[in-house]
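Quick look at structure_6.txt (compact mmCIF, C-alpha atoms):
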```txt
# COMPACT_ATOMS: atom_id res chain seq x y z
CA MET A 1 -27.11 34.88 -55.36
CA PRO A 2 -23.55 34.25 -54.07
CA LEU A 3 -22.30 30.67 -54.38
CA GLY A 4 -21.59 30.34 -50.65
CA LEU A 5 -25.16 31.31 -49.76
CA MET A 6 -26.63 28.85 -52.27
CA VAL A 7 -24.46 26.02 -50.93
CA ALA A 8 -25.36 26.95 -47.35
CA ILE A 9 -29.11 26.88 -48.13
CA ALA A 10 -28.86 23.53 -49.95
CA MET A 11 -26.69 22.06 -47.18
CA LEU A 12 -28.95 23.25 -44.36
CA THR A 13 -32.02 21.90 -46.19
CA VAL A 14 -30.51 18.42 -46.50
CA ILE A 15 -29.26 18.46 -42.91
CA THR A 16 -32.68 19.55 -41.62
CA VAL A 17 -34.37 16.69 -43.53
CA LEU A 18 -31.80 14.16 -42.29
CA GLY A 19 -31.96 15.49 -38.74
CA GLY A 20 -35.75 15.19 -38.87
CA LEU A 21 -35.48 11.62 -40.13
CA GLY A 22 -33.03 10.77 -37.34
CA TYR A 23 -35.33 12.37 -34.78
CA VAL A 24 -38.34 10.39 -36.03
CA MET A 25 -36.30 7.14 -35.89
CA ASP A 26 -35.21 7.95 -32.35
CA ARG A 27 -38.79 8.66 -31.19
CA GLN A 28 -39.89 5.43 -32.84
CA VAL A 29 -37.38 3.51 -30.70
CA ASP A 30 -38.68 5.17 -27.53
CA HIS A 31 -42.23 4.35 -28.55
CA GLU A 32 -41.41 0.68 -29.21
CA GLU A 33 -39.39 0.33 -26.00
CA ASP A 34 -42.16 1.94 -23.95
CA LYS A 35 -44.48 -0.84 -25.14
CA ASP A 36 -42.18 -3.42 -23.52
CA ARG A 37 -41.97 -1.62 -20.17
CA PRO A 38 -44.32 -3.01 -17.49
CA LYS A 39 -47.05 -0.53 -16.63
CA SER A 40 -46.99 0.66 -13.00
CA MET B 41 -9.21 -9.27 -65.34
CA ASN B 42 -10.68 -5.78 -65.71
CA LEU B 43 -13.79 -3.99 -64.45
CA ALA B 44 -15.84 -5.27 -67.41
CA HIS B 45 -15.15 -8.83 -66.16
CA ILE B 46 -16.13 -7.79 -62.66
CA HIS B 47 -19.38 -6.32 -63.96
CA LEU B 48 -20.21 -9.55 -65.79
CA LEU B 49 -19.54 -11.46 -62.57
CA LEU B 50 -21.43 -9.14 -60.24
CA ASN B 51 -24.43 -8.18 -62.36
CA HIS B 52 -26.16 -11.49 -61.67
CA PHE B 53 -26.20 -10.98 -57.91
CA PRO B 54 -28.66 -8.06 -57.61
CA VAL B 55 -31.30 -9.55 -59.89
CA ILE B 56 -31.10 -13.11 -58.56
CA GLY B 57 -30.36 -12.04 -54.99
CA ILE B 58 -33.38 -9.80 -54.68
CA LEU B 59 -35.63 -12.62 -55.89
CA ILE B 60 -34.12 -14.96 -53.27
CA GLY B 61 -34.52 -12.29 -50.59
CA LEU B 62 -38.07 -11.57 -51.68
CA GLY B 63 -38.94 -15.28 -51.64
CA LEU B 64 -37.56 -15.65 -48.11
CA PHE B 65 -39.30 -12.50 -46.95
CA LEU B 66 -42.70 -13.42 -48.41
CA GLY B 67 -42.39 -16.93 -46.97
CA ALA B 68 -41.54 -15.38 -43.60
CA LEU B 69 -44.57 -13.09 -43.69
CA ILE B 70 -46.89 -15.96 -44.61
CA GLY B 71 -45.40 -18.32 -42.00
CA ASN B 72 -44.82 -15.51 -39.48
CA SER B 73 -41.22 -16.61 -38.91
CA ASN B 74 -38.86 -14.03 -37.43
CA ASP B 75 -35.78 -16.07 -38.41
CA LEU B 76 -36.85 -16.13 -42.05
CA LYS B 77 -37.66 -12.42 -41.93
CA LYS B 78 -34.15 -11.75 -40.65
CA ALA B 79 -32.65 -13.99 -43.35
CA GLY B 80 -34.58 -12.19 -46.10
CA VAL B 81 -33.66 -8.77 -44.75
CA ILE B 82 -29.96 -9.73 -44.46
CA VAL B 83 -30.06 -10.86 -48.11
CA PHE B 84 -31.51 -7.44 -49.08
CA LEU B 85 -28.77 -5.70 -47.12
CA GLY B 86 -26.02 -7.83 -48.71
CA ILE B 87 -27.41 -7.20 -52.20
CA ALA B 88 -27.57 -3.46 -51.50
CA LEU B 89 -23.86 -3.56 -50.66
CA LEU B 90 -22.99 -5.63 -53.74
CA SER B 91 -25.02 -3.32 -55.95
CA ILE B 92 -22.49 -0.52 -55.35
CA PRO B 93 -19.60 -2.15 -57.28
CA THR B 94 -22.10 -3.67 -59.72
CA TYR B 95 -23.34 -0.27 -60.83
CA MET B 96 -19.90 1.30 -60.84
CA SER B 97 -18.19 -1.50 -62.78
CA GLY B 98 -21.02 -1.22 -65.32
CA ASN B 99 -19.72 2.18 -66.25
CA ALA B 100 -16.26 0.73 -66.95
CA ALA B 101 -17.84 -2.07 -69.00
CA GLN B 102 -19.68 0.56 -71.02
CA GLN B 103 -16.42 2.37 -71.78
CA ALA B 104 -14.77 -0.96 -72.74
CA ILE B 105 -17.36 -2.01 -75.34
CA LYS B 106 -18.48 1.38 -76.63
CA GLY B 107 -18.08 1.56 -80.38
CA LEU B 108 -17.61 -2.19 -80.90
CA PRO B 109 -19.47 -3.64 -83.90
CA GLY B 110 -22.98 -4.80 -83.04
CA ILE B 111 -23.14 -2.86 -79.79
CA SER B 112 -26.04 -0.43 -79.54
CA ASN B 113 -25.12 2.76 -77.71
CA THR B 114 -28.81 3.56 -77.22
CA LEU B 115 -29.30 0.22 -75.50
CA MET B 116 -26.29 0.80 -73.22
CA VAL B 117 -27.57 4.24 -72.16
CA LYS B 118 -31.03 2.77 -71.58
CA HIS B 119 -29.52 -0.01 -69.47
CA GLN B 120 -27.48 2.49 -67.45
CA ASN B 121 -30.51 4.68 -66.74
CA ALA B 122 -32.67 1.69 -65.77
CA ALA B 123 -29.85 0.35 -63.58
CA LEU B 124 -29.42 3.73 -61.86
CA LEU B 125 -33.10 3.79 -60.90
CA ALA B 126 -32.97 0.16 -59.69
CA TYR B 127 -29.77 0.90 -57.78
CA PHE B 128 -31.35 3.94 -56.11
CA PHE B 129 -34.28 1.85 -54.86
CA MET B 130 -31.94 -1.00 -53.88
CA GLU B 131 -29.91 1.29 -51.62
CA ILE B 132 -33.06 2.65 -49.95
CA LEU B 133 -34.21 -0.95 -49.44
CA GLY B 134 -30.79 -1.78 -47.96
CA GLY B 135 -31.05 1.17 -45.57
CA VAL B 136 -34.54 0.24 -44.39
CA SER B 137 -33.46 -3.41 -44.09
CA TRP B 138 -30.54 -2.38 -41.91
CA PHE B 139 -32.90 -0.29 -39.76
CA GLY B 140 -35.23 -3.31 -39.42
CA LEU B 141 -32.33 -5.48 -38.20
CA TRP B 142 -31.24 -2.79 -35.77
CA GLN B 143 -34.83 -2.50 -34.49
CA PHE B 144 -35.05 -6.29 -34.14
CA ARG B 145 -31.87 -6.30 -32.04
CA ARG B 146 -33.37 -3.76 -29.63
CA ASN B 147 -36.98 -4.95 -29.40
CA SER B 148 -36.81 -8.60 -30.54
CA ARG B 149 -39.31 -7.78 -33.28
CA PHE B 150 -39.53 -5.80 -36.50
CA GLY B 151 -41.69 -2.68 -36.47
CA SER B 152 -44.87 -3.24 -38.50
CA GLY B 153 -44.23 -0.04 -40.50
CA THR B 154 -40.72 -1.28 -41.29
CA LEU B 155 -42.01 -4.63 -42.57
CA VAL B 156 -44.58 -2.97 -44.85
CA THR B 157 -41.93 -0.56 -46.18
CA ILE B 158 -39.50 -3.44 -46.85
CA LEU B 159 -42.22 -5.42 -48.62
CA VAL B 160 -43.26 -2.55 -50.90
CA LEU B 161 -39.65 -1.51 -51.64
CA SER B 162 -38.54 -5.07 -52.35
CA LEU B 163 -41.40 -5.64 -54.82
CA VAL B 164 -40.69 -2.38 -56.65
CA THR B 165 -36.91 -2.99 -56.62
CA ALA B 166 -37.28 -6.55 -57.93
CA MET B 167 -39.30 -5.23 -60.85
CA LEU B 168 -36.75 -2.46 -61.55
CA MET B 169 -33.80 -4.88 -61.27
CA ALA B 170 -35.45 -7.31 -63.69
CA ASN B 171 -36.01 -4.44 -66.12
CA ALA B 172 -32.36 -3.29 -65.90
CA ALA B 173 -31.11 -6.88 -66.30
CA ASN B 174 -33.40 -7.47 -69.27
CA ILE B 175 -32.04 -4.43 -71.11
CA GLY B 176 -28.45 -5.26 -70.05
CA GLY B 177 -28.77 -8.79 -71.39
CA ALA B 178 -29.91 -7.49 -74.76
CA ILE B 179 -26.65 -5.52 -75.21
CA ARG B 180 -24.63 -8.69 -75.84
CA HIS B 181 -27.38 -11.16 -76.64
CA PRO B 182 -29.09 -10.19 -79.89
CA GLU B 183 -30.86 -13.56 -79.88
CA ILE B 184 -33.17 -12.11 -77.20
CA LEU B 185 -34.09 -9.28 -79.53
CA SER B 186 -34.64 -11.54 -82.51
CA VAL B 187 -37.83 -12.75 -80.81
CA SER B 188 -39.33 -9.36 -81.54
CA GLY B 189 -37.81 -9.66 -84.97
CA THR B 190 -38.39 -6.11 -86.15
CA THR B 191 -36.04 -3.23 -86.85
CA GLY B 192 -35.46 -1.03 -83.82
CA SER B 193 -36.41 -3.75 -81.33
CA ALA B 194 -33.23 -2.90 -79.36
CA GLU B 195 -34.66 0.50 -78.58
CA ARG B 196 -38.00 -0.97 -77.51
CA VAL B 197 -36.67 -3.55 -75.03
CA GLY B 198 -37.52 -2.96 -71.36
CA LEU B 199 -40.04 -0.75 -69.62
CA GLY B 200 -38.54 2.58 -70.66
CA ILE B 201 -38.18 3.87 -67.09
CA GLY B 202 -34.96 5.07 -65.49
CA LEU B 203 -32.96 7.98 -64.12
CA ASP B 204 -31.10 9.88 -66.83
CA ALA B 205 -27.46 9.57 -65.70
CA ALA B 206 -26.25 12.02 -68.37
CA VAL B 207 -28.64 14.77 -67.22
CA ILE B 208 -27.87 14.20 -63.52
CA GLY B 209 -24.13 14.13 -64.28
CA HIS B 210 -24.40 17.39 -66.23
CA PHE B 211 -26.17 19.12 -63.32
CA ILE B 212 -23.63 17.92 -60.75
CA ALA B 213 -20.57 18.65 -62.93
CA GLY B 214 -21.41 22.32 -63.32
CA GLY B 215 -24.85 22.65 -64.90
CA VAL B 216 -26.08 23.76 -61.47
CA ARG B 217 -23.18 25.69 -60.06
CA TRP B 218 -23.82 24.99 -56.38
CA ALA B 219 -24.39 21.23 -56.82
CA TRP B 220 -20.78 19.95 -56.66
CA ALA B 221 -19.84 22.23 -53.74
CA THR B 222 -22.97 21.17 -51.83
CA CYS B 223 -22.20 17.48 -52.42
CA GLN B 224 -18.66 18.01 -51.12
CA THR B 225 -19.86 19.81 -47.99
CA LEU B 226 -22.45 17.13 -47.30
CA HIS B 227 -19.94 14.34 -48.03
CA PHE B 228 -17.64 15.64 -45.30
CA MET B 229 -20.54 16.07 -42.88
CA GLY B 230 -21.70 12.51 -43.55
CA LEU B 231 -18.14 11.34 -43.01
CA SER B 232 -17.93 13.12 -39.65
CA LEU B 233 -21.26 11.65 -38.54
CA LEU B 234 -20.28 8.14 -39.60
CA MET B 235 -16.77 8.24 -38.15
CA GLY B 236 -18.02 9.78 -34.91
CA VAL B 237 -20.42 6.89 -34.32
CA VAL B 238 -17.88 4.27 -35.48
CA PHE B 239 -15.32 5.57 -32.98
CA VAL B 240 -17.80 5.71 -30.08
CA VAL B 241 -18.96 2.12 -30.69
CA ASP B 242 -15.50 0.68 -31.32
CA LEU B 243 -13.76 2.52 -28.49
CA ARG B 244 -16.41 1.17 -26.08
CA MET B 245 -15.22 -2.30 -27.12
CA PHE B 246 -11.71 -1.31 -26.00
CA GLY B 247 -12.96 -0.32 -22.56
CA ILE B 248 -13.40 3.44 -23.06
CA MET B 249 -16.64 4.75 -21.42
CA LYS B 250 -16.89 1.50 -19.54
CA ASN B 251 -19.80 2.65 -17.39
CA VAL B 252 -21.95 2.72 -20.53
CA SER B 253 -23.59 -0.49 -21.78
CA PHE B 254 -23.35 -1.56 -25.42
CA ALA B 255 -27.13 -1.21 -25.73
CA THR B 256 -26.71 2.50 -25.03
CA VAL B 257 -24.10 3.11 -27.74
CA HIS B 258 -26.09 0.82 -30.08
CA ARG B 259 -28.75 3.53 -29.97
CA LEU B 260 -26.37 5.81 -31.90
CA LEU B 261 -25.97 3.45 -34.86
CA PRO B 262 -28.82 4.87 -37.01
CA TRP B 263 -27.09 8.26 -36.91
CA GLY B 264 -23.94 6.61 -38.27
CA MET B 265 -26.06 4.92 -40.94
CA LEU B 266 -27.59 8.28 -41.89
CA GLY B 267 -24.03 9.59 -42.32
CA PHE B 268 -23.19 6.58 -44.50
CA GLY B 269 -26.37 7.09 -46.55
CA LEU B 270 -25.52 10.74 -47.07
CA ASN B 271 -22.01 9.78 -48.22
CA LEU B 272 -23.30 7.07 -50.52
CA PHE B 273 -25.71 9.52 -52.15
CA THR B 274 -23.22 12.37 -52.54
CA GLY B 275 -20.45 9.95 -53.58
CA MET B 276 -22.72 8.58 -56.30
CA CYS B 277 -23.38 12.14 -57.48
CA TYR B 278 -19.61 12.59 -58.03
CA PHE B 279 -19.38 9.21 -59.76
CA ILE B 280 -22.25 9.95 -62.14
CA ALA B 281 -20.80 13.37 -62.94
CA ALA B 282 -17.27 12.15 -63.75
CA PRO B 283 -17.18 8.32 -63.96
CA GLU B 284 -13.79 8.13 -65.73
CA GLN B 285 -12.13 9.74 -62.73
CA TYR B 286 -13.10 6.70 -60.68
CA THR B 287 -13.32 3.73 -63.03
CA LYS B 288 -9.66 4.23 -64.01
CA ASN B 289 -8.46 4.97 -60.49
CA VAL B 290 -6.91 2.14 -58.46
CA THR B 291 -7.37 4.05 -55.17
CA PHE B 292 -11.10 4.08 -55.83
CA TYR B 293 -11.15 0.27 -56.29
CA TRP B 294 -9.56 -0.04 -52.86
CA LYS B 295 -12.05 2.39 -51.38
CA ILE B 296 -15.04 0.41 -52.65
CA ALA B 297 -13.51 -2.92 -51.56
CA LEU B 298 -12.94 -1.53 -48.05
CA ILE B 299 -16.52 -0.19 -47.90
CA MET B 300 -17.81 -3.69 -48.76
CA ILE B 301 -15.84 -5.29 -45.93
CA ALA B 302 -16.61 -2.48 -43.46
CA GLY B 303 -20.31 -2.82 -44.32
CA ALA B 304 -20.22 -6.54 -43.54
CA ASN B 305 -18.34 -5.74 -40.33
CA ALA B 306 -21.06 -3.24 -39.30
CA ILE B 307 -23.63 -6.06 -39.42
CA TYR B 308 -21.83 -7.69 -36.48
CA PHE B 309 -22.45 -4.74 -34.17
CA THR B 310 -26.01 -4.30 -35.45
CA VAL B 311 -27.32 -7.83 -35.24
CA PHE B 312 -25.14 -10.20 -33.22
CA ASP B 313 -25.88 -11.26 -29.65
CA GLU B 314 -22.30 -11.08 -28.31
CA PRO B 315 -21.72 -7.29 -28.24
CA TRP B 316 -25.35 -6.69 -27.25
CA ALA B 317 -24.75 -8.64 -24.03
CA ILE B 318 -22.07 -6.21 -22.75
CA ARG B 319 -23.48 -4.36 -19.76
CA GLU B 320 -22.12 -1.40 -17.78
CA LYS B 321 -18.59 -1.97 -16.41
CA GLU B 322 -18.18 -5.20 -18.43
CA ASN B 323 -15.25 -5.88 -20.77
CA ALA B 324 -15.55 -6.99 -24.38
CA THR B 325 -14.00 -10.32 -25.34
CA LEU B 326 -10.84 -10.50 -27.45
CA LYS B 327 -12.92 -11.46 -30.50
CA MET B 328 -15.10 -8.34 -30.14
CA LYS B 329 -12.02 -6.17 -29.68
CA LEU B 330 -10.48 -7.61 -32.84
CA ILE B 331 -13.67 -6.95 -34.82
CA ALA B 332 -13.80 -3.39 -33.43
CA ALA B 333 -10.12 -2.86 -34.35
CA SER B 334 -10.75 -4.15 -37.86
CA ALA B 335 -13.71 -1.75 -38.19
CA LEU B 336 -11.49 1.18 -37.24
CA VAL B 337 -8.78 0.11 -39.69
CA LEU B 338 -11.34 -0.41 -42.47
CA TRP B 339 -13.11 2.94 -42.04
CA ILE B 340 -9.82 4.82 -41.71
CA GLY B 341 -8.74 3.00 -44.88
CA VAL B 342 -11.93 4.16 -46.65
CA MET B 343 -11.19 7.74 -45.60
CA PHE B 344 -7.54 7.46 -46.62
CA CYS B 345 -8.41 6.10 -50.07
CA GLY B 346 -11.05 8.82 -50.54
CA LEU B 347 -8.60 11.57 -49.68
CA MET B 348 -5.83 10.04 -51.82
CA LEU B 349 -7.97 9.80 -54.98
CA PRO B 350 -6.17 12.72 -56.64
CA PHE B 351 -2.71 11.88 -55.29
CA ILE B 352 -2.24 8.12 -55.64
CA GLY B 353 -4.97 7.87 -58.26
CA ASN B 354 -5.74 10.22 -61.15
CA ALA B 355 -8.89 12.03 -59.98
CA PHE B 356 -9.32 15.80 -60.42
```
Would you mind writing the file out in structure tokens?
Amino acid sequence: MPLGLMVAIAMLTVITVLGGLGYVMDRQVDHEEDKDRPKS
Amino acid sequence: MNLAHIHLLLNHFPVIGILIGLGLFLGALIGNSNDLKKAGVIVFLGIALLSIPTYMSGNAAQQAIKGLPGISNTLMVKHQNAALLAYFFMEILGGVSWFGLWQFRRNSRFGSGTLVTILVLSLVTAMLMANAANIGGAIRHPEILSVSGTTGSAERVGLGIGLDAAVIGHFIAGGVRWAWATCQTLHFMGLSLLMGVVFVVDLRMFGIMKNVSFATVHRLLPWGMLGFGLNLFTGMCYFIAAPEQYTKNVTFYWKIALIMIAGANAIYFTVFDEPWAIREKENATLKMKLIAASALVLWIGVMFCGLMLPFIGNAF
């Protein structure tokens, strides 16, 4: 397999995992902040 | 003074510091005190930062005493592998601790999942740090080994768990041909993510995007921290693969020193009340502007030193 393709696959894998982690953290903040909002 | 001295100075902090942090944190959980929880978590974060030069100076110390009479090479390798595993857990603990502090700033409480994660990680890390310290102590203190009193006791000291730095280094340095190139690509992406967030937060302090509150830009900080984490991980991969390029490189010393100060600086914007209070259309105070300016100078300095490693220093 060409080197560039291998690097691209490895890079995209790590970025997908990190992006997912960031997304989960962001949702977690929304979830926590929703708890503090007064219910209408 | 050389890096071996610095290792002897620093190596006490992770093992003693984590026990202090753990004591504070356990006391906080029992007494349900948020202030104590914050104190414990800040200690974990500080120790995670200090563990970076501690691990790296250890490599220089190893090179300095290798081959001296009475020094066991097996014991040094065992200590390095145990320390690498402890260091890995310590940095994860530092990252989760930082996230807990950031969460506390936003919601005035720690998330329950975060607290459980910090507790478990701190217990595991304390055990791993004690193991690494125990083996490290035996390198220069044969009197510890004489308790066992039998031949080969040096090889039996410690728990026998660790990350094999030689194997990891071999993979990164060319054993897996895409590893180094991937680390480089990711290192630059992490850098972009980190610097992007640093600039947004610090420029807001100077009055750019004034119709945005600090609480809004504060929301971006975990993305910057993910960038920093990615850089720490990939940077460590380089270090493990070719330690001599860094331990004998004055530009690298500056880079690590600047990271330490920039890390402490980042705590201000994560935890402190002053920047948090800035609402839409409000100006930052002179003090906040100075801290923001210092953050920009520090992070640009980190980048500069990183890029100058082969030119001012002797890397590559």
Contacts of B:Thr291 at 8 Å or less, counting all atoms listed in the file, minus same-chain residues fewer than 3 places along, as a list in words?
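So the residues in contact are Trp294, Lys295, Cys345, Gly346, Met348, Leu349, Ile352 and Gly353 of chain B.
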Only residues of chain B matter here; which ones have an atom within 12 Å of chain A, counting all atoms listed in the file? Give them as an MDAnalysis selection string.
chainID B and resid 136 139:140 142:154 216:230 233 258:270 273:274
One-decimal distance in Å that lies between atom CA of B:Val81 and atom CA of B:Trp339
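Interatomic distance, atom CA of B:Trp339 to atom CA of B:Val81: 23.8 Å.
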Between atom CA of B:Ile175 and atom CA of B:Gly135, what is the distance, to one decimal in Å?
26.2 Å
For B:Ala281, find every residue with an atom within 9 Å (counting only C-alpha atoms), except residues of its own chain fewer than 6 positions away, and show them as a PyMOL selection string.
chain B and resi 205-206+208-214
To one decimal in Å, tell me the separation between atom CA of B:Thr165 and atom CA of B:Ala88.
10.7 Å
Enumerate, as a CSV table (one decimal) with C-alpha atoms, in the coordinates of the input, the protein, DNA and RNA residues whose atoms approach (-16.7, 6.2, -61.8) to within 12 Å, taking into account all atoms listed in the file and the coordinate frame of the file.
```csv
chain,number,residue,atom,x,y,z
B,43,LEU,CA,-13.8,-4.0,-64.4
B,92,ILE,CA,-22.5,-0.5,-55.4
B,93,PRO,CA,-19.6,-2.2,-57.3
B,94,THR,CA,-22.1,-3.7,-59.7
B,95,TYR,CA,-23.3,-0.3,-60.8
B,96,MET,CA,-19.9,1.3,-60.8
B,97,SER,CA,-18.2,-1.5,-62.8
B,98,GLY,CA,-21.0,-1.2,-65.3
B,99,ASN,CA,-19.7,2.2,-66.2
B,100,ALA,CA,-16.3,0.7,-67.0
B,101,ALA,CA,-17.8,-2.1,-69.0
B,102,GLN,CA,-19.7,0.6,-71.0
B,103,GLN,CA,-16.4,2.4,-71.8
B,205,ALA,CA,-27.5,9.6,-65.7
B,209,GLY,CA,-24.1,14.1,-64.3
B,275,GLY,CA,-20.4,10.0,-53.6
B,276,MET,CA,-22.7,8.6,-56.3
B,277,CYS,CA,-23.4,12.1,-57.5
B,278,TYR,CA,-19.6,12.6,-58.0
B,279,PHE,CA,-19.4,9.2,-59.8
B,280,ILE,CA,-22.2,10.0,-62.1
B,281,ALA,CA,-20.8,13.4,-62.9
B,282,ALA,CA,-17.3,12.2,-63.8
B,283,PRO,CA,-17.2,8.3,-64.0
B,284,GLU,CA,-13.8,8.1,-65.7
B,285,GLN,CA,-12.1,9.7,-62.7
B,286,TYR,CA,-13.1,6.7,-60.7
B,287,THR,CA,-13.3,3.7,-63.0
B,288,LYS,CA,-9.7,4.2,-64.0
B,289,ASN,CA,-8.5,5.0,-60.5
B,290,VAL,CA,-6.9,2.1,-58.5
B,291,THR,CA,-7.4,4.0,-55.2
B,292,PHE,CA,-11.1,4.1,-55.8
B,293,TYR,CA,-11.2,0.3,-56.3
B,296,ILE,CA,-15.0,0.4,-52.6
B,349,LEU,CA,-8.0,9.8,-55.0
B,354,ASN,CA,-5.7,10.2,-61.2
B,355,ALA,CA,-8.9,12.0,-60.0
```
Serialized stretch 2-34 of chain A w/ C-alpha atoms as a compact mmCIF listing (two decimals), in the first residue's frame:
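For reference, result_33.txt as written:
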```txt
# COMPACT_ATOMS: atom_id res chain seq x y z
CA PRO A 2 1.45 3.45 -0.83
CA LEU A 3 2.89 5.39 2.11
CA GLY A 4 0.61 8.40 1.56
CA LEU A 5 -2.51 6.22 1.72
CA MET A 6 -1.34 4.50 4.91
CA VAL A 7 -0.61 7.84 6.57
CA ALA A 8 -3.97 9.23 5.42
CA ILE A 9 -5.85 6.23 6.88
CA ALA A 10 -3.98 6.42 10.20
CA MET A 11 -4.45 10.21 10.37
CA LEU A 12 -8.17 10.08 9.56
CA THR A 13 -8.69 7.32 12.15
CA VAL A 14 -7.10 9.39 14.92
CA ILE A 15 -8.94 12.54 13.86
CA THR A 16 -12.28 10.68 13.79
CA VAL A 17 -11.66 9.34 17.32
CA LEU A 18 -10.63 12.79 18.59
CA GLY A 19 -13.52 14.49 16.83
CA GLY A 20 -15.89 11.97 18.40
CA LEU A 21 -14.39 12.63 21.83
CA GLY A 22 -14.76 16.38 21.33
CA TYR A 23 -18.36 15.92 20.19
CA VAL A 24 -19.21 13.81 23.25
CA MET A 25 -17.62 16.44 25.55
CA ASP A 26 -19.62 19.17 23.83
CA ARG A 27 -22.92 17.26 24.19
CA GLN A 28 -22.08 16.61 27.83
CA VAL A 29 -21.81 20.38 28.40
CA ASP A 30 -25.20 20.96 26.77
CA HIS A 31 -26.69 18.20 28.90
CA GLU A 32 -25.28 19.66 32.14
CA GLU A 33 -26.30 23.22 31.24
CA ASP A 34 -29.82 22.10 30.34
```
